[in-house]
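The file protein19.cif comes next; it holds mmCIF, C-alpha atoms.
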data_data
#
loop_
_atom_site.label_atom_id
_atom_site.label_comp_id
_atom_site.auth_asym_id
_atom_site.auth_seq_id
_atom_site.Cartn_x
_atom_site.Cartn_y
_atom_site.Cartn_z
CA MET A 789 0.51 -6.39 -1.18
CA ASN A 790 2.74 -8.89 0.48
CA GLN A 791 6.13 -9.16 -1.25
CA ASP A 792 8.61 -7.53 -3.57
CA GLY A 793 7.33 -3.98 -3.42
CA PRO A 794 7.97 -0.88 -1.40
CA SER A 795 7.02 -0.88 2.26
CA PHE A 796 4.72 1.79 3.62
CA ARG A 797 5.41 3.61 6.87
CA LEU A 798 2.26 4.42 8.77
CA ALA A 799 3.61 7.46 10.62
CA VAL A 800 2.55 9.82 7.84
CA PRO A 801 -1.15 9.85 6.93
CA PRO A 802 -2.02 9.30 3.27
CA VAL A 803 -2.44 12.41 1.18
CA TYR A 804 -4.43 12.36 -2.01
CA ASP A 805 -6.39 14.52 -4.35
CA LYS A 806 -9.96 13.91 -3.15
CA SER A 807 -11.38 15.19 -6.42
CA SER A 808 -9.77 12.26 -8.19
CA VAL A 809 -11.51 9.54 -6.18
CA ASN A 810 -13.81 7.59 -8.48
CA SER A 811 -12.93 9.94 -11.32
CA PRO A 812 -12.76 8.19 -14.70
CA THR A 813 -9.93 10.49 -15.74
CA LEU A 814 -7.64 9.18 -13.00
CA ALA A 815 -7.95 5.64 -14.29
CA THR A 816 -7.17 6.86 -17.82
CA ASP A 817 -4.23 8.98 -16.60
CA PHE A 818 -2.98 6.09 -14.47
CA LEU A 819 -3.05 3.65 -17.37
CA GLN A 820 -1.40 6.12 -19.73
CA HIS A 821 1.30 6.85 -17.15
CA SER A 822 1.82 3.10 -16.78
CA ARG A 823 2.03 2.52 -20.56
CA ASP A 824 4.47 5.40 -21.01
CA GLN A 825 6.85 4.32 -18.25
CA MET A 826 6.19 0.64 -17.61
CA THR A 827 8.89 -1.84 -18.48
CA ALA A 828 7.76 -4.64 -16.20
CA LYS A 829 4.72 -5.95 -14.36
CA LYS A 830 4.71 -8.12 -11.26
CA VAL A 831 1.61 -10.20 -10.58
CA PHE A 832 0.57 -11.10 -7.04
CA SER A 833 -2.24 -12.87 -5.23
CA LEU A 834 -3.77 -11.73 -1.95
CA VAL A 835 -6.17 -14.04 -0.07
CA PHE A 836 -8.46 -13.23 2.85
CA VAL A 837 -10.01 -16.04 4.87
CA ARG A 838 -13.37 -14.99 6.32
CA ASN A 839 -16.32 -16.17 8.32
CA ALA A 840 -19.52 -14.34 9.24
CA SER A 841 -17.91 -11.97 11.74
CA GLU A 842 -14.13 -12.37 11.44
CA ILE A 843 -11.24 -12.11 9.00
CA LEU A 844 -7.92 -13.93 9.26
CA LEU A 845 -4.90 -11.66 8.88
CA GLY A 846 -1.22 -12.45 9.11
CA MET A 847 1.54 -10.33 10.57
CA LYS A 848 4.61 -10.44 8.36
CA LYS A 849 7.50 -11.63 10.50
CA ARG A 850 10.38 -10.90 8.15
CA GLY A 851 11.34 -9.20 4.92
CA PHE A 852 9.07 -6.93 2.94
CA GLY A 853 6.17 -5.65 5.03
CA GLN A 854 7.62 -6.87 8.33
CA GLY A 855 5.39 -5.96 11.27
CA LYS A 856 2.29 -5.25 9.18
CA TRP A 857 -0.99 -7.17 9.09
CA ASN A 858 -2.16 -8.31 5.68
CA GLY A 859 -3.85 -11.12 3.83
CA PHE A 860 -1.88 -14.11 2.61
CA GLY A 861 -0.26 -14.16 -0.79
CA GLY A 862 2.69 -13.27 -2.93
CA LYS A 863 4.17 -13.51 -6.37
CA ILE A 864 2.71 -15.88 -8.93
CA GLU A 865 5.34 -18.41 -9.93
CA PRO A 866 6.10 -19.34 -13.56
CA GLY A 867 3.77 -22.06 -14.81
CA GLU A 868 0.98 -21.54 -12.27
CA THR A 869 -2.30 -19.72 -12.69
CA ILE A 870 -3.17 -16.83 -10.40
CA PRO A 871 -5.69 -18.93 -8.38
CA GLU A 872 -3.13 -21.75 -8.09
CA GLY A 873 -0.59 -19.27 -6.76
CA ALA A 874 -3.14 -17.91 -4.30
CA VAL A 875 -3.93 -21.40 -2.95
CA ARG A 876 -0.21 -22.24 -2.67
CA GLU A 877 0.65 -19.01 -0.83
CA LEU A 878 -2.25 -19.40 1.60
CA GLN A 879 -1.17 -22.92 2.52
CA GLU A 880 2.51 -21.97 2.83
CA GLU A 881 1.82 -18.94 4.99
CA CYS A 882 -0.90 -20.16 7.40
CA GLY A 883 -1.55 -23.87 6.77
CA LEU A 884 -5.07 -23.52 5.34
CA ILE A 885 -6.16 -25.01 2.03
CA ALA A 886 -8.87 -23.06 0.23
CA LYS A 887 -11.65 -25.27 -1.12
CA GLU A 888 -13.01 -22.36 -3.11
CA LEU A 889 -11.69 -18.90 -3.96
CA LYS A 890 -13.79 -15.93 -4.95
CA ASN A 891 -12.03 -13.27 -7.02
CA VAL A 892 -13.25 -10.02 -5.46
CA GLY A 893 -10.87 -7.33 -6.61
CA LEU A 894 -7.94 -6.16 -8.67
CA LEU A 895 -5.46 -3.58 -7.41
CA GLU A 896 -2.80 -1.82 -9.47
CA PHE A 897 0.00 0.12 -7.84
CA LYS A 898 2.36 2.56 -9.54
CA PHE A 899 5.21 4.41 -7.87
CA GLU A 900 6.74 7.57 -9.25
CA GLY A 901 10.16 6.85 -10.68
CA ASP A 902 9.62 3.08 -10.74
CA PRO A 903 8.64 1.58 -14.08
CA THR A 904 7.19 -1.59 -12.53
CA LEU A 905 3.44 -1.97 -12.22
CA LEU A 906 2.27 -4.14 -9.31
CA GLU A 907 -0.91 -6.07 -10.18
CA VAL A 908 -2.58 -7.66 -7.16
CA HIS A 909 -5.48 -10.10 -7.55
CA VAL A 910 -7.60 -10.10 -4.38
CA PHE A 911 -9.47 -13.25 -3.34
CA GLU A 912 -11.55 -14.31 -0.39
CA THR A 913 -12.57 -17.71 0.84
CA HIS A 914 -15.19 -18.89 3.31
CA GLU A 915 -14.52 -22.55 2.54
CA TYR A 916 -11.25 -24.09 3.61
CA HIS A 917 -9.79 -26.99 5.57
CA GLY A 918 -6.76 -27.54 7.73
CA SER A 919 -5.63 -25.79 10.88
CA VAL A 920 -4.28 -22.27 11.18
CA ILE A 921 -0.56 -22.46 11.93
CA GLU A 922 2.20 -19.93 12.34
CA SER A 923 4.78 -20.13 9.57
CA GLU A 924 8.30 -18.78 9.32
CA GLU A 925 6.89 -15.82 7.44
CA MET A 926 3.47 -15.08 8.98
CA LEU A 927 1.78 -14.99 12.38
CA PRO A 928 -1.98 -15.52 11.74
CA LYS A 929 -4.68 -13.99 13.92
CA TRP A 930 -8.46 -13.72 13.62
CA TYR A 931 -9.89 -10.19 13.85
CA ASN A 932 -13.49 -9.16 14.33
CA LEU A 933 -14.66 -7.27 11.23
CA LYS A 934 -15.40 -4.28 13.46
CA ASN A 935 -11.81 -4.17 14.77
CA ILE A 936 -9.57 -4.49 11.72
CA PRO A 937 -6.11 -3.06 12.63
CA PHE A 938 -5.82 -0.52 9.80
CA LYS A 939 -3.19 1.51 11.68
CA ASN A 940 -0.85 -1.48 11.38
CA MET A 941 -1.63 -2.31 7.75
CA TRP A 942 -0.74 -0.94 4.32
CA LEU A 943 -1.93 2.63 3.73
CA ASP A 944 -4.21 1.71 0.84
CA ASP A 945 -6.07 -1.06 2.70
CA GLU A 946 -8.37 1.37 4.49
CA HIS A 947 -9.58 2.67 1.11
CA TRP A 948 -10.51 -0.60 -0.60
CA PHE A 949 -11.32 -2.94 2.31
CA PRO A 950 -14.87 -1.53 2.67
CA TYR A 951 -15.68 -2.62 -0.88
CA MET A 952 -14.47 -6.15 -0.20
CA LEU A 953 -16.31 -6.35 3.13
CA ARG A 954 -19.56 -5.21 1.48
CA GLY A 955 -19.21 -7.93 -1.15
CA GLU A 956 -18.67 -5.51 -4.04
CA PHE A 957 -16.34 -6.33 -6.91
CA PHE A 958 -13.78 -3.56 -7.27
CA LYS A 959 -10.78 -2.36 -9.22
CA GLY A 960 -8.40 0.09 -7.61
CA HIS A 961 -5.54 2.19 -8.93
CA PHE A 962 -3.05 3.78 -6.54
CA LEU A 963 -0.31 6.20 -7.49
CA TYR A 964 2.35 6.71 -4.85
CA ARG A 965 5.21 9.10 -4.33
CA GLY A 966 7.74 7.22 -2.26
CA GLU A 967 6.46 4.72 0.22
CA ASP A 968 4.14 6.76 2.41
CA LEU A 969 2.33 9.23 0.20
CA ILE A 970 -0.69 8.38 -1.94
CA LEU A 971 -0.85 11.01 -4.68
CA LYS A 972 -4.04 9.80 -6.28
CA TYR A 973 -6.29 6.83 -6.16
CA ASN A 974 -9.38 5.59 -7.90
CA ILE A 975 -11.66 2.72 -6.95
CA GLN A 976 -14.35 1.50 -9.32
CA VAL A 977 -17.19 -0.81 -8.40
CA LEU A 978 -17.67 -3.48 -11.05
CA ASP A 979 -20.59 -5.76 -11.91
CA LYS A 980 -18.09 -8.59 -12.02
CA LEU A 981 -14.40 -9.17 -12.55
CA SER A 982 -13.19 -10.45 -15.89
CA GLU A 983 -11.79 -13.96 -15.72
#

Same coordinates, now as structure tokens:
Amino acid sequence: MNQDGPSFRLAVPPVYDKSSVNSPTLATDFLQHSRDQMTAKKVFSLVFVRNASEILLGMKKRGFGQGKWNGFGGKIEPGETIPEGAVRELQEECGLIAKELKNVGLLEFKFEGDPTLLEVHVFETHEYHGSVIESEEMLPKWYNLKNIPFKNMWLDDEHWFPYMLRGEFFKGHFLYRGEDLILKYNIQVLDKLSE
């Protein structure tokens, strides 16, 4: 996640019901909870630029998520498709233009007491042009895949990043209490993502 959502403080480790991980009932409960309480949905893109041994992350310099490393992305604007929004956000935040995007995951976040569902479409690209630049919002930096700075990232990243790095399509549901407590989560491996 990159904008318009709660920030997570990393001082408190995530707590979750381990029995719920990869449990089909959590996904059903999550969706029912969302249908019962949801009045709005915000759609986001999240793009990771990769090569064989590294991943490009950006440290948020201001606003929501300040001081945390993440991919590049944000809200989808009216009139643009999700991939168009992803390409736009990537260019605005680090100067790179994706030649090709691969849709690798879908994340849904629900927060107790908040009726808004956050839907995050996760992409990666190995094909891009341009030069990496620092923007007003993000400070980009390449990280070796063996040294990803999870302690300075969103709490949920450590749970779903391994799926992305292994090249598996995934769908994740996270239910939070407040900003620093994961109550339950579920990650499903998919054959492919629906278009």

Might you spell out which residues the PyMOL selection byres ((chain A and resi 878-891) around 8) would select in the displayed file, as a ChimeraX atom specification?
-> /A:835,846,860-861,871,874-877,892-893,909-928,981

Test item: the PyMOL selection byres ((chain A and resi 899-902) around 8) resolved as a PyMOL selection string = chain A and resi 897-898+903-905+963-966

Atomic separation - CA of Arg838 (chain A) relative to CA of Glu956 (chain A), Å |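 Here the two named atoms are 15.0 Å from each other.
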
Expressed in Å to a single decimal, how great is the separation between CA of Trp857 (chain A) and CA of Met941 (chain A)?
->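 Computing the Euclidean distance for CA of Trp857 (chain A) and CA of Met941 (chain A) yields 5.1 Å.
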
Which value, in Å to one decimal, gives the distance between CA of Met847 (chain A) and CA of Asp944 (chain A)?
->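 Pair CA of Met847 (chain A) / CA of Asp944 (chain A) returns 16.5 Å.
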
Can you tell me, as a list in words, what residues are no more than 12 Å from Pro866 (chain A) when counting only C-alpha atoms, ignoring any on the same chain fewer than 4 positions away?
->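 Near Pro866 (chain A), the qualifying residues are Lys830, Val831, Phe832, Ile870, Glu872 and Gly873 of chain A.
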
Name every residue that the PyMOL selection byres ((chain A and resi 959) around 9) selects in this structure, writing the answer as a list in words with chains first and numbers rising.
->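 What the PyMOL selection byres ((chain A and resi 959) around 9) grabs from the file is Val892, Gly893, Leu894, Leu895, Glu896, Trp948, Phe957, Phe958, Gly960, His961, Asn974, Ile975, Gln976, Val977, Leu978 and Leu981 of chain A.
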
Residue completion, region 927-952 of chain A, N, CA, C and O atoms, as a short mmCIF file (atom, residue, chain, number, x, y, z; two decimals), in the frame of the given file:
data_model
loop_
_atom_site.label_atom_id
_atom_site.label_comp_id
_atom_site.auth_asym_id
_atom_site.auth_seq_id
_atom_site.Cartn_x
_atom_site.Cartn_y
_atom_site.Cartn_z
N LEU A 927 2.45 -14.67 11.12
CA LEU A 927 1.78 -14.99 12.38
C LEU A 927 0.29 -14.71 12.19
O LEU A 927 -0.13 -13.55 12.17
N PRO A 928 -0.55 -15.74 12.00
CA PRO A 928 -1.98 -15.52 11.74
C PRO A 928 -2.76 -15.16 13.00
O PRO A 928 -2.43 -15.62 14.10
N LYS A 929 -3.80 -14.35 12.81
CA LYS A 929 -4.68 -13.99 13.92
C LYS A 929 -6.05 -13.60 13.36
O LYS A 929 -6.14 -12.88 12.37
N TRP A 930 -7.11 -14.10 14.01
CA TRP A 930 -8.46 -13.72 13.62
C TRP A 930 -8.80 -12.35 14.21
O TRP A 930 -8.52 -12.08 15.38
N TYR A 931 -9.43 -11.51 13.41
CA TYR A 931 -9.89 -10.19 13.85
C TYR A 931 -11.39 -10.07 13.59
O TYR A 931 -11.87 -10.47 12.52
N ASN A 932 -12.09 -9.50 14.55
CA ASN A 932 -13.49 -9.16 14.33
C ASN A 932 -13.55 -8.11 13.21
O ASN A 932 -12.69 -7.22 13.16
N LEU A 933 -14.55 -8.21 12.35
CA LEU A 933 -14.66 -7.27 11.23
C LEU A 933 -14.83 -5.83 11.69
O LEU A 933 -14.57 -4.90 10.92
N LYS A 934 -15.24 -5.64 12.93
CA LYS A 934 -15.40 -4.28 13.46
C LYS A 934 -14.10 -3.73 14.04
O LYS A 934 -14.03 -2.56 14.41
N ASN A 935 -13.07 -4.58 14.14
CA ASN A 935 -11.81 -4.17 14.77
C ASN A 935 -10.60 -4.49 13.90
O ASN A 935 -9.57 -4.95 14.41
N ILE A 936 -10.69 -4.24 12.62
CA ILE A 936 -9.57 -4.49 11.72
C ILE A 936 -8.46 -3.48 12.03
O ILE A 936 -8.72 -2.28 12.13
N PRO A 937 -7.20 -3.94 12.18
CA PRO A 937 -6.11 -3.06 12.63
C PRO A 937 -5.50 -2.20 11.52
O PRO A 937 -4.30 -2.31 11.20
N PHE A 938 -6.29 -1.31 10.94
CA PHE A 938 -5.82 -0.52 9.80
C PHE A 938 -4.56 0.28 10.11
O PHE A 938 -3.76 0.53 9.21
N LYS A 939 -4.37 0.70 11.34
CA LYS A 939 -3.19 1.51 11.68
C LYS A 939 -1.90 0.70 11.55
O LYS A 939 -0.82 1.28 11.50
N ASN A 940 -2.02 -0.61 11.51
CA ASN A 940 -0.85 -1.48 11.38
C ASN A 940 -0.88 -2.27 10.08
O ASN A 940 -0.38 -3.39 10.01
N MET A 941 -1.51 -1.67 9.06
CA MET A 941 -1.63 -2.31 7.75
C MET A 941 -1.10 -1.36 6.68
O MET A 941 -0.65 -0.26 6.97
N TRP A 942 -1.16 -1.78 5.43
CA TRP A 942 -0.74 -0.94 4.32
C TRP A 942 -1.67 0.27 4.22
O TRP A 942 -2.86 0.17 4.50
N LEU A 943 -1.14 1.40 3.80
CA LEU A 943 -1.93 2.63 3.73
C LEU A 943 -3.18 2.51 2.87
O LEU A 943 -4.22 3.08 3.18
N ASP A 944 -3.08 1.78 1.78
CA ASP A 944 -4.21 1.71 0.84
C ASP A 944 -5.34 0.81 1.32
O ASP A 944 -6.46 0.93 0.85
N ASP A 945 -5.05 -0.09 2.26
CA ASP A 945 -6.07 -1.06 2.70
C ASP A 945 -7.34 -0.38 3.19
O ASP A 945 -8.45 -0.84 2.91
N GLU A 946 -7.20 0.69 3.92
CA GLU A 946 -8.37 1.37 4.49
C GLU A 946 -9.30 1.90 3.41
O GLU A 946 -10.49 2.06 3.64
N HIS A 947 -8.77 2.13 2.21
CA HIS A 947 -9.58 2.67 1.11
C HIS A 947 -10.39 1.59 0.39
O HIS A 947 -11.52 1.83 -0.01
N TRP A 948 -9.80 0.40 0.19
CA TRP A 948 -10.51 -0.60 -0.60
C TRP A 948 -11.13 -1.73 0.22
O TRP A 948 -12.03 -2.42 -0.27
N PHE A 949 -10.71 -1.91 1.47
CA PHE A 949 -11.32 -2.94 2.31
C PHE A 949 -12.84 -2.83 2.40
O PHE A 949 -13.53 -3.84 2.35
N PRO A 950 -13.40 -1.62 2.56
CA PRO A 950 -14.87 -1.53 2.67
C PRO A 950 -15.60 -2.14 1.49
O PRO A 950 -16.66 -2.74 1.66
N TYR A 951 -15.05 -2.02 0.29
CA TYR A 951 -15.68 -2.62 -0.88
C TYR A 951 -15.69 -4.14 -0.75
O TYR A 951 -16.71 -4.80 -0.99
N MET A 952 -14.56 -4.71 -0.37
CA MET A 952 -14.47 -6.15 -0.20
C MET A 952 -15.43 -6.63 0.89
O MET A 952 -16.14 -7.62 0.71
#
